[in-house]
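So this block is query07.pdb, PDB, C-alpha atoms:
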MODEL        1
ATOM      1  CA  MET A1024     -23.274 -10.048  11.949
ATOM      2  CA  ASN A1025     -19.578 -10.115  12.831
ATOM      3  CA  THR A1026     -17.533  -6.946  12.408
ATOM      4  CA  VAL A1027     -14.042  -7.408  10.971
ATOM      5  CA  LEU A1028     -11.309  -4.768  10.873
ATOM      6  CA  VAL A1029      -8.417  -5.107   8.411
ATOM      7  CA  ILE A1030      -5.462  -2.744   8.824
ATOM      8  CA  GLY A1031      -3.496  -2.544   5.569
ATOM      9  CA  ALA A1032      -6.059  -3.810   3.064
ATOM     10  CA  SER A1033      -5.317  -2.047  -0.210
ATOM     11  CA  ARG A1034      -3.784  -5.102  -1.918
ATOM     12  CA  GLY A1035      -2.493  -8.640  -1.482
ATOM     13  CA  ILE A1036      -3.400 -10.508   1.678
ATOM     14  CA  GLY A1037      -5.273  -7.591   3.235
ATOM     15  CA  LEU A1038      -7.508  -7.093   0.218
ATOM     16  CA  GLU A1039      -8.194 -10.829   0.038
ATOM     17  CA  PHE A1040      -9.258 -10.807   3.699
ATOM     18  CA  VAL A1041     -11.773  -8.097   2.820
ATOM     19  CA  ARG A1042     -13.028 -10.042  -0.201
ATOM     20  CA  GLN A1043     -13.490 -13.302   1.692
ATOM     21  CA  TYR A1044     -15.010 -11.850   4.853
ATOM     22  CA  ARG A1045     -17.440  -9.765   2.798
ATOM     23  CA  GLY A1046     -18.314 -12.879   0.802
ATOM     24  CA  ALA A1047     -19.099 -14.630   4.074
ATOM     25  CA  GLY A1048     -21.499 -11.834   5.043
ATOM     26  CA  ALA A1049     -19.353 -10.004   7.601
ATOM     27  CA  ARG A1050     -19.352  -6.268   8.031
ATOM     28  CA  VAL A1051     -15.824  -5.140   7.181
ATOM     29  CA  ILE A1052     -13.962  -1.967   8.077
ATOM     30  CA  ALA A1053     -10.696  -1.747   6.155
ATOM     31  CA  THR A1054      -7.876   0.756   5.797
ATOM     32  CA  ALA A1055      -5.803   1.996   2.882
ATOM     33  CA  ARG A1056      -3.378   4.867   2.399
ATOM     34  CA  ASP A1057      -4.533   6.290  -0.924
ATOM     35  CA  ASP A1058      -7.606   6.921  -3.051
ATOM     36  CA  ALA A1059      -7.026   3.915  -5.306
ATOM     37  CA  GLY A1060      -6.856   1.571  -2.332
ATOM     38  CA  LEU A1061      -9.935   3.099  -0.736
ATOM     39  CA  ALA A1062     -11.838   2.686  -4.007
ATOM     40  CA  ARG A1063     -10.953  -1.026  -4.146
ATOM     41  CA  LEU A1064     -12.259  -1.501  -0.630
ATOM     42  CA  LYS A1065     -15.503   0.352  -1.317
ATOM     43  CA  ALA A1066     -16.045  -1.749  -4.450
ATOM     44  CA  LEU A1067     -16.045  -4.842  -2.222
ATOM     45  CA  GLY A1068     -18.621  -3.305   0.092
ATOM     46  CA  ALA A1069     -16.240  -2.485   2.928
ATOM     47  CA  GLN A1070     -16.325   0.632   5.046
ATOM     48  CA  ALA A1071     -13.096   2.248   3.862
ATOM     49  CA  VAL A1072     -10.933   4.241   6.280
ATOM     50  CA  ARG A1073      -7.900   6.256   5.228
ATOM     51  CA  LEU A1074      -4.862   5.307   7.309
ATOM     52  CA  ASP A1075      -1.126   5.557   6.756
ATOM     53  CA  VAL A1076       0.479   3.532   9.555
ATOM     54  CA  ASP A1077       3.786   5.348   9.016
ATOM     55  CA  GLU A1078       2.324   8.778   9.721
ATOM     56  CA  VAL A1079       1.782   9.799  13.344
ATOM     57  CA  SER A1080      -0.958  12.278  12.437
ATOM     58  CA  SER A1081      -2.863   9.603  10.511
ATOM     59  CA  VAL A1082      -2.551   6.989  13.254
ATOM     60  CA  SER A1083      -3.592   9.482  15.912
ATOM     61  CA  GLY A1084      -6.942   9.882  14.153
ATOM     62  CA  LEU A1085      -7.744   6.157  14.068
ATOM     63  CA  ALA A1086      -9.294   5.923  17.531
ATOM     64  CA  TRP A1087     -12.052   8.440  16.829
ATOM     65  CA  GLN A1088     -12.813   6.786  13.482
ATOM     66  CA  LEU A1089     -13.415   3.517  15.351
ATOM     67  CA  ASP A1090     -15.166   5.090  18.333
ATOM     68  CA  GLY A1091     -18.210   3.074  19.376
ATOM     69  CA  GLU A1092     -17.278  -0.011  17.323
ATOM     70  CA  LYS A1093     -17.206  -3.541  18.713
ATOM     71  CA  ILE A1094     -14.721  -5.454  16.589
ATOM     72  CA  ASP A1095     -14.972  -9.249  16.557
ATOM     73  CA  VAL A1096     -11.879  -9.874  14.421
ATOM     74  CA  ALA A1097      -9.063  -7.339  14.020
ATOM     75  CA  LEU A1098      -6.311  -8.151  11.530
ATOM     76  CA  TYR A1099      -3.115  -6.121  11.355
ATOM     77  CA  VAL A1100      -1.663  -6.865   7.910
ATOM     78  CA  ALA A1101       0.460  -3.812   7.018
ATOM     79  CA  GLY A1102       4.166  -4.453   6.516
ATOM     80  CA  VAL A1103       7.145  -4.118   4.192
ATOM     81  CA  MET A1104      10.123  -6.264   3.233
ATOM     82  CA  ALA A1105      13.553  -4.836   2.424
ATOM     83  CA  GLY A1106      17.216  -5.237   3.323
ATOM     84  CA  GLY A1107      19.971  -7.703   2.494
ATOM     85  CA  ASP A1108      21.379 -10.837   4.073
ATOM     86  CA  ALA A1109      23.432 -11.291   7.242
ATOM     87  CA  GLY A1110      26.707  -9.392   7.022
ATOM     88  CA  ASP A1111      25.232  -6.776   4.668
ATOM     89  CA  PRO A1112      24.513  -3.749   6.885
ATOM     90  CA  PRO A1113      21.370  -1.923   5.765
ATOM     91  CA  ALA A1114      21.454   1.739   4.883
ATOM     92  CA  ASP A1115      20.011   3.981   7.562
ATOM     93  CA  HIS A1116      16.959   4.917   5.508
ATOM     94  CA  VAL A1117      16.176   1.262   4.735
ATOM     95  CA  PHE A1118      16.500   0.276   8.398
ATOM     96  CA  ASP A1119      14.307   3.172   9.443
ATOM     97  CA  ARG A1120      11.610   2.313   6.889
ATOM     98  CA  VAL A1121      11.409  -1.380   7.773
ATOM     99  CA  MET A1122      11.497  -0.905  11.527
ATOM    100  CA  ARG A1123       9.101   2.033  11.402
ATOM    101  CA  THR A1124       6.508   0.144   9.361
ATOM    102  CA  ASN A1125       6.909  -3.347  10.828
ATOM    103  CA  VAL A1126       7.516  -2.498  14.493
ATOM    104  CA  LEU A1127       6.834   1.115  15.439
ATOM    105  CA  ALA A1128       3.555   1.295  13.518
ATOM    106  CA  PRO A1129       2.034  -1.752  15.283
ATOM    107  CA  MET A1130       3.186  -0.329  18.620
ATOM    108  CA  ARG A1131       1.158   2.791  17.830
ATOM    109  CA  VAL A1132      -1.885   1.138  16.268
ATOM    110  CA  LEU A1133      -2.469  -1.986  18.382
ATOM    111  CA  PRO A1134      -3.164  -0.176  21.676
ATOM    112  CA  GLN A1135      -5.960   1.712  19.892
ATOM    113  CA  LEU A1136      -7.482  -1.534  18.649
ATOM    114  CA  THR A1137      -7.625  -3.122  22.092
ATOM    115  CA  GLU A1138     -10.071  -0.403  23.131
ATOM    116  CA  VAL A1139     -12.671  -1.398  20.519
ATOM    117  CA  LEU A1140     -12.488  -5.194  20.712
ATOM    118  CA  ALA A1141     -15.693  -7.057  21.518
ATOM    119  CA  PRO A1142     -15.535  -9.578  24.384
ATOM    120  CA  GLY A1143     -13.781 -12.723  23.136
ATOM    121  CA  ALA A1144     -12.518 -10.966  20.007
ATOM    122  CA  ARG A1145      -9.513 -12.072  17.976
ATOM    123  CA  LEU A1146      -6.613  -9.676  17.420
ATOM    124  CA  VAL A1147      -4.287 -11.120  14.773
ATOM    125  CA  VAL A1148      -0.992  -9.573  13.681
ATOM    126  CA  LEU A1149       0.500 -10.959  10.482
ATOM    127  CA  SER A1150       4.097 -11.818  11.195
ATOM    128  CA  SER A1151       6.379 -14.324   9.502
ATOM    129  CA  ARG A1152       8.028 -17.621  10.288
ATOM    130  CA  MET A1153      11.197 -15.771   9.281
ATOM    131  CA  GLY A1154      10.965 -13.957  12.615
ATOM    132  CA  SER A1155      11.216 -17.187  14.625
ATOM    133  CA  LEU A1156      14.534 -17.650  16.400
ATOM    134  CA  ALA A1157      13.961 -21.332  17.140
ATOM    135  CA  LEU A1158      13.019 -22.249  13.557
ATOM    136  CA  ARG A1159      15.665 -20.169  11.803
ATOM    137  CA  THR A1160      18.018 -22.026   9.463
ATOM    138  CA  ASN A1161      19.716 -19.177   7.579
ATOM    139  CA  GLY A1162      20.462 -15.460   7.763
ATOM    140  CA  ASN A1163      18.728 -14.327   4.605
ATOM    141  CA  SER A1164      16.850 -11.015   4.798
ATOM    142  CA  TRP A1165      18.146 -10.336   8.278
ATOM    143  CA  LEU A1166      16.598  -6.883   8.592
ATOM    144  CA  TYR A1167      13.145  -8.242   7.765
ATOM    145  CA  ARG A1168      13.731 -11.148  10.167
ATOM    146  CA  ALA A1169      14.744  -8.735  12.924
ATOM    147  CA  SER A1170      11.608  -6.663  12.376
ATOM    148  CA  LYS A1171       9.357  -9.721  12.567
ATOM    149  CA  SER A1172      11.099 -10.994  15.707
ATOM    150  CA  ALA A1173      10.475  -7.559  17.209
ATOM    151  CA  VAL A1174       6.798  -7.449  16.249
ATOM    152  CA  ASN A1175       6.379 -10.943  17.723
ATOM    153  CA  SER A1176       7.609  -9.459  20.984
ATOM    154  CA  VAL A1177       5.070  -6.646  20.649
ATOM    155  CA  VAL A1178       2.251  -9.177  20.142
ATOM    156  CA  LYS A1179       3.331 -11.160  23.193
ATOM    157  CA  ASP A1180       3.352  -8.032  25.341
ATOM    158  CA  ILE A1181      -0.072  -6.863  24.107
ATOM    159  CA  SER A1182      -1.498 -10.316  24.852
ATOM    160  CA  PHE A1183      -0.911  -9.965  28.595
ATOM    161  CA  GLY A1184      -3.325  -7.049  28.838
ATOM    162  CA  LEU A1185      -5.957  -8.958  26.847
ATOM    163  CA  GLN A1186      -5.868 -12.133  28.948
ATOM    164  CA  GLY A1187      -9.446 -13.184  29.668
ATOM    165  CA  LYS A1188     -10.838 -10.468  27.389
ATOM    166  CA  ALA A1189      -9.692 -11.312  23.859
ATOM    167  CA  ILE A1190      -7.257 -13.565  22.005
ATOM    168  CA  CYS A1191      -4.126 -11.974  20.561
ATOM    169  CA  VAL A1192      -1.789 -13.953  18.286
ATOM    170  CA  ALA A1193       0.973 -13.493  15.745
ATOM    171  CA  MET A1194       0.257 -15.438  12.567
ATOM    172  CA  HIS A1195       2.419 -16.661   9.699
ATOM    173  CA  PRO A1196       0.435 -16.522   6.436
ATOM    174  CA  GLY A1197       2.752 -18.943   4.667
ATOM    175  CA  TRP A1198       4.954 -18.041   1.730
ATOM    176  CA  VAL A1199       2.324 -16.346  -0.393
ATOM    177  CA  LYS A1200       2.269 -15.294  -4.050
ATOM    178  CA  THR A1201       1.938 -11.548  -3.564
ATOM    179  CA  ASP A1202       4.058  -8.552  -4.538
ATOM    180  CA  MET A1203       6.080  -9.217  -1.387
ATOM    181  CA  GLY A1204       6.240 -13.017  -1.606
ATOM    182  CA  GLY A1205       6.904 -13.221  -5.339
ATOM    183  CA  ALA A1206       5.642 -15.556  -8.054
ATOM    184  CA  GLY A1207       7.702 -18.509  -6.794
ATOM    185  CA  ALA A1208       5.922 -18.693  -3.432
ATOM    186  CA  ASP A1209       4.153 -21.839  -2.210
ATOM    187  CA  LEU A1210       0.613 -20.552  -1.631
ATOM    188  CA  ASP A1211      -1.767 -18.435  -3.629
ATOM    189  CA  VAL A1212      -3.350 -15.635  -1.655
ATOM    190  CA  THR A1213      -6.833 -17.162  -1.793
ATOM    191  CA  GLN A1214      -5.687 -20.356  -0.079
ATOM    192  CA  SER A1215      -3.574 -18.550   2.510
ATOM    193  CA  VAL A1216      -6.423 -16.284   3.562
ATOM    194  CA  SER A1217      -8.931 -19.141   3.570
ATOM    195  CA  ASP A1218      -6.605 -21.098   5.865
ATOM    196  CA  MET A1219      -6.125 -18.128   8.173
ATOM    197  CA  ARG A1220      -9.839 -17.417   8.396
ATOM    198  CA  SER A1221     -10.443 -21.007   9.500
ATOM    199  CA  THR A1222      -7.601 -20.773  12.008
ATOM    200  CA  VAL A1223      -8.861 -17.455  13.389
ATOM    201  CA  ALA A1224     -12.362 -18.899  13.821
ATOM    202  CA  GLY A1225     -10.915 -21.812  15.789
ATOM    203  CA  LEU A1226      -8.778 -19.792  18.188
ATOM    204  CA  ARG A1227      -9.374 -20.514  21.866
ATOM    205  CA  ALA A1228      -8.405 -18.697  25.046
ATOM    206  CA  GLU A1229      -5.284 -20.821  25.469
ATOM    207  CA  HIS A1230      -3.952 -19.515  22.140
ATOM    208  CA  ASN A1231      -3.619 -15.994  23.525
ATOM    209  CA  GLY A1232      -0.021 -14.839  23.220
ATOM    210  CA  THR A1233       1.079 -17.548  20.780
ATOM    211  CA  PHE A1234       2.617 -17.673  17.306
ATOM    212  CA  ILE A1235       0.497 -19.664  14.853
ATOM    213  CA  ASN A1236       0.893 -20.918  11.295
ATOM    214  CA  HIS A1237      -1.819 -20.217   8.716
ATOM    215  CA  ASP A1238      -2.996 -23.840   9.060
ATOM    216  CA  GLY A1239      -3.357 -23.656  12.852
ATOM    217  CA  GLN A1240      -0.039 -25.217  13.871
ATOM    218  CA  VAL A1241       1.531 -23.452  16.859
ATOM    219  CA  LEU A1242       5.030 -22.217  15.978
ATOM    220  CA  ALA A1243       8.048 -21.712  18.224
ATOM    221  CA  TRP A1244       9.053 -18.136  18.879
TER     222      TRP A1244
ENDMDL
END
Go through the file and emit its structure as structure tokens.
Amino acid sequence: MNTVLVIGASRGIGLEFVRQYRGAGARVIATARDDAGLARLKALGAQAVRLDVDEVSSVSGLAWQLDGEKIDVALYVAGVMAGGDAGDPPADHVFDRVMRTNVLAPMRVLPQLTEVLAPGARLVVLSSRMGSLALRTNGNSWLYRASKSAVNSVVKDISFGLQGKAICVAMHPGWVKTDMGGAGADLDVTQSVSDMRSTVAGLRAEHNGTFINHDGQVLAW
């Protein structure tokens, strides 16, 4: 039985990952910040772990909670979206929140996950096509874009240490109908997660350190 870890699973894409992997028979460990989120995870049959990626004390306790595990698929889903368009400087507290959650938190959590990955495991960080420099066509949501460009850099750097051991990628889930993506998005969450699960299952060693679309297409950084 495969063991799947989902970081940031209380709602949206993270919760759907838990639902689908549990439905496929996987053992799932999943994190949430509050009691309501933990209850939703337990109701799906997941092993629920309390984690607030923005709190140093909470993150520092993750390693011992995962001690002895061999994770086959680790998915880092946690993230926030805020801030205006290019030319609209964000307030300090908004900048701090977005960069803390989308960049600093992965930099604290991911090194702990590399220690519990099974040989040949997949480590997937949900990013966004909006973070691509090569594919960018506008300056909308520039703070969010900056944070996703930065986390892409983090993924690339982590991948070097995993070469030959595991496969680490950044993945774009598509524009998904969630609280973050809004009702006008292209994909429903069920389809997005189904696509990503298929893509994750098909990852090969040469994908390590790449940026991949939910449907398996390799994206430009």
Gap from CA of Gln1240 in chain A to CA of Ser1176 in chain A - Å, one decimal: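 That distance, rounded to one decimal, is 18.9 Å.
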Proximity to Val1072 in chain A - best of A:Ala1059, A:Val1126, A:Leu1140, A:Ala1053, only C-alpha atoms: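 Of all the options, A:Ala1053 lies closest to Val1072 in chain A.
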Shell around range 1160-1168 of chain A at 10 Å using all atoms listed in the file, local window under 5 positions removed, as a ChimeraX atom specification: /A:1102-1113,1117-1118,1121-1122,1125,1150-1155,1173-1174
Nearest residue to Gly1187 in chain A from the set A:Gly1035, A:Gly1143, A:Gly1046, A:Gly1225 (distances using all atoms listed in the file):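 Using all atoms listed in the file, Gly1187 in chain A sits closest to A:Gly1143.
In terms of minimum interatomic distance to Ala1224 in chain A, A:Ala1144 ranks closest within A:Ile1036, A:Val1082, A:Ala1144, A:Ile1181, counting all atoms listed in the file.
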Evaluate the PyMOL selection byres ((chain A and resi 1052) around 8) and report residues as a count of residues only: 12
Among listed residues A:Thr1233, A:Val1199, A:Asp1119, A:Ile1030, nearest Leu1136 in chain A (using only C-alpha atoms):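 Closest candidate: A:Ile1030.
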Could the centre and edge lengths of an axis-aligned box, enclosing all atoms of range 1188-1191 of chain A in the file with 5 Å extra on each side, be given in Å to one decimal as lines of an AutoDock Vina configuration file?
center_x = -7.5
center_y = -12.0
center_z = 24.0
size_x = 16.7
size_y = 13.1
size_z = 16.8
Residue IDs satisfying the PyMOL selection byres ((chain A and resi 1033) around 8), as a ChimeraX atom specification: /A:1031-1032,1034-1035,1037-1038,1054-1056,1060-1061,1063-1064
Kindly export the residues of the current selection with C-alpha atoms, as a PDB file, in the frame of the given file.
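Full text of part_2.pdb as output:
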ATOM      1  CA  GLY A1031      -3.496  -2.544   5.569  1.00  0.00           C
ATOM      2  CA  ALA A1032      -6.059  -3.810   3.064  1.00  0.00           C
ATOM      3  CA  ARG A1034      -3.784  -5.102  -1.918  1.00  0.00           C
ATOM      4  CA  GLY A1035      -2.493  -8.640  -1.482  1.00  0.00           C
ATOM      5  CA  GLY A1037      -5.273  -7.591   3.235  1.00  0.00           C
ATOM      6  CA  LEU A1038      -7.508  -7.093   0.218  1.00  0.00           C
ATOM      7  CA  THR A1054      -7.876   0.756   5.797  1.00  0.00           C
ATOM      8  CA  ALA A1055      -5.803   1.996   2.882  1.00  0.00           C
ATOM      9  CA  ARG A1056      -3.378   4.867   2.399  1.00  0.00           C
ATOM     10  CA  GLY A1060      -6.856   1.571  -2.332  1.00  0.00           C
ATOM     11  CA  LEU A1061      -9.935   3.099  -0.736  1.00  0.00           C
ATOM     12  CA  ARG A1063     -10.953  -1.026  -4.146  1.00  0.00           C
ATOM     13  CA  LEU A1064     -12.259  -1.501  -0.630  1.00  0.00           C
TER      14      LEU A1064
END
Within-12 Å shell of (4.6, -8.5, 20.3) in input frame, all atoms listed in the file, as an NGL selection string: :A and (1125-1130 or 1133-1134 or 1146-1150 or 1154 or 1170-1184 or 1191-1194 or 1231-1234 or 1244)
So that I have them on file, write out the residues from the current selection with C-alpha atoms, as a PDB file, in the frame of the given file.
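Wrote it out as out_3.pdb, contents follow:
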ATOM      1  CA  ASN A1125       6.909  -3.347  10.828  1.00  0.00           C
ATOM      2  CA  VAL A1126       7.516  -2.498  14.493  1.00  0.00           C
ATOM      3  CA  LEU A1127       6.834   1.115  15.439  1.00  0.00           C
ATOM      4  CA  ALA A1128       3.555   1.295  13.518  1.00  0.00           C
ATOM      5  CA  PRO A1129       2.034  -1.752  15.283  1.00  0.00           C
ATOM      6  CA  MET A1130       3.186  -0.329  18.620  1.00  0.00           C
ATOM      7  CA  LEU A1133      -2.469  -1.986  18.382  1.00  0.00           C
ATOM      8  CA  PRO A1134      -3.164  -0.176  21.676  1.00  0.00           C
ATOM      9  CA  LEU A1146      -6.613  -9.676  17.420  1.00  0.00           C
ATOM     10  CA  VAL A1147      -4.287 -11.120  14.773  1.00  0.00           C
ATOM     11  CA  VAL A1148      -0.992  -9.573  13.681  1.00  0.00           C
ATOM     12  CA  LEU A1149       0.500 -10.959  10.482  1.00  0.00           C
ATOM     13  CA  SER A1150       4.097 -11.818  11.195  1.00  0.00           C
ATOM     14  CA  GLY A1154      10.965 -13.957  12.615  1.00  0.00           C
ATOM     15  CA  SER A1170      11.608  -6.663  12.376  1.00  0.00           C
ATOM     16  CA  LYS A1171       9.357  -9.721  12.567  1.00  0.00           C
ATOM     17  CA  SER A1172      11.099 -10.994  15.707  1.00  0.00           C
ATOM     18  CA  ALA A1173      10.475  -7.559  17.209  1.00  0.00           C
ATOM     19  CA  VAL A1174       6.798  -7.449  16.249  1.00  0.00           C
ATOM     20  CA  ASN A1175       6.379 -10.943  17.723  1.00  0.00           C
ATOM     21  CA  SER A1176       7.609  -9.459  20.984  1.00  0.00           C
ATOM     22  CA  VAL A1177       5.070  -6.646  20.649  1.00  0.00           C
ATOM     23  CA  VAL A1178       2.251  -9.177  20.142  1.00  0.00           C
ATOM     24  CA  LYS A1179       3.331 -11.160  23.193  1.00  0.00           C
ATOM     25  CA  ASP A1180       3.352  -8.032  25.341  1.00  0.00           C
ATOM     26  CA  ILE A1181      -0.072  -6.863  24.107  1.00  0.00           C
ATOM     27  CA  SER A1182      -1.498 -10.316  24.852  1.00  0.00           C
ATOM     28  CA  PHE A1183      -0.911  -9.965  28.595  1.00  0.00           C
ATOM     29  CA  GLY A1184      -3.325  -7.049  28.838  1.00  0.00           C
ATOM     30  CA  CYS A1191      -4.126 -11.974  20.561  1.00  0.00           C
ATOM     31  CA  VAL A1192      -1.789 -13.953  18.286  1.00  0.00           C
ATOM     32  CA  ALA A1193       0.973 -13.493  15.745  1.00  0.00           C
ATOM     33  CA  MET A1194       0.257 -15.438  12.567  1.00  0.00           C
ATOM     34  CA  ASN A1231      -3.619 -15.994  23.525  1.00  0.00           C
ATOM     35  CA  GLY A1232      -0.021 -14.839  23.220  1.00  0.00           C
ATOM     36  CA  THR A1233       1.079 -17.548  20.780  1.00  0.00           C
ATOM     37  CA  PHE A1234       2.617 -17.673  17.306  1.00  0.00           C
ATOM     38  CA  TRP A1244       9.053 -18.136  18.879  1.00  0.00           C
TER      39      TRP A1244
END
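Residue nearest Glu1229 in chain A, chosen from A:Ala1114, A:Leu1185, A:Ala1101, A:Leu1210 and counting all atoms listed in the file: A:Leu1185.
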d(CA of Ala1228 in chain A, CA of Asp1095 in chain A) in Å: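 For CA of Ala1228 in chain A relative to CA of Asp1095 in chain A, the distance reads 14.3 Å.
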Distance in Å - CA of Ala1097 in chain A versus CA of Gln1135 in chain A: 11.2 Å
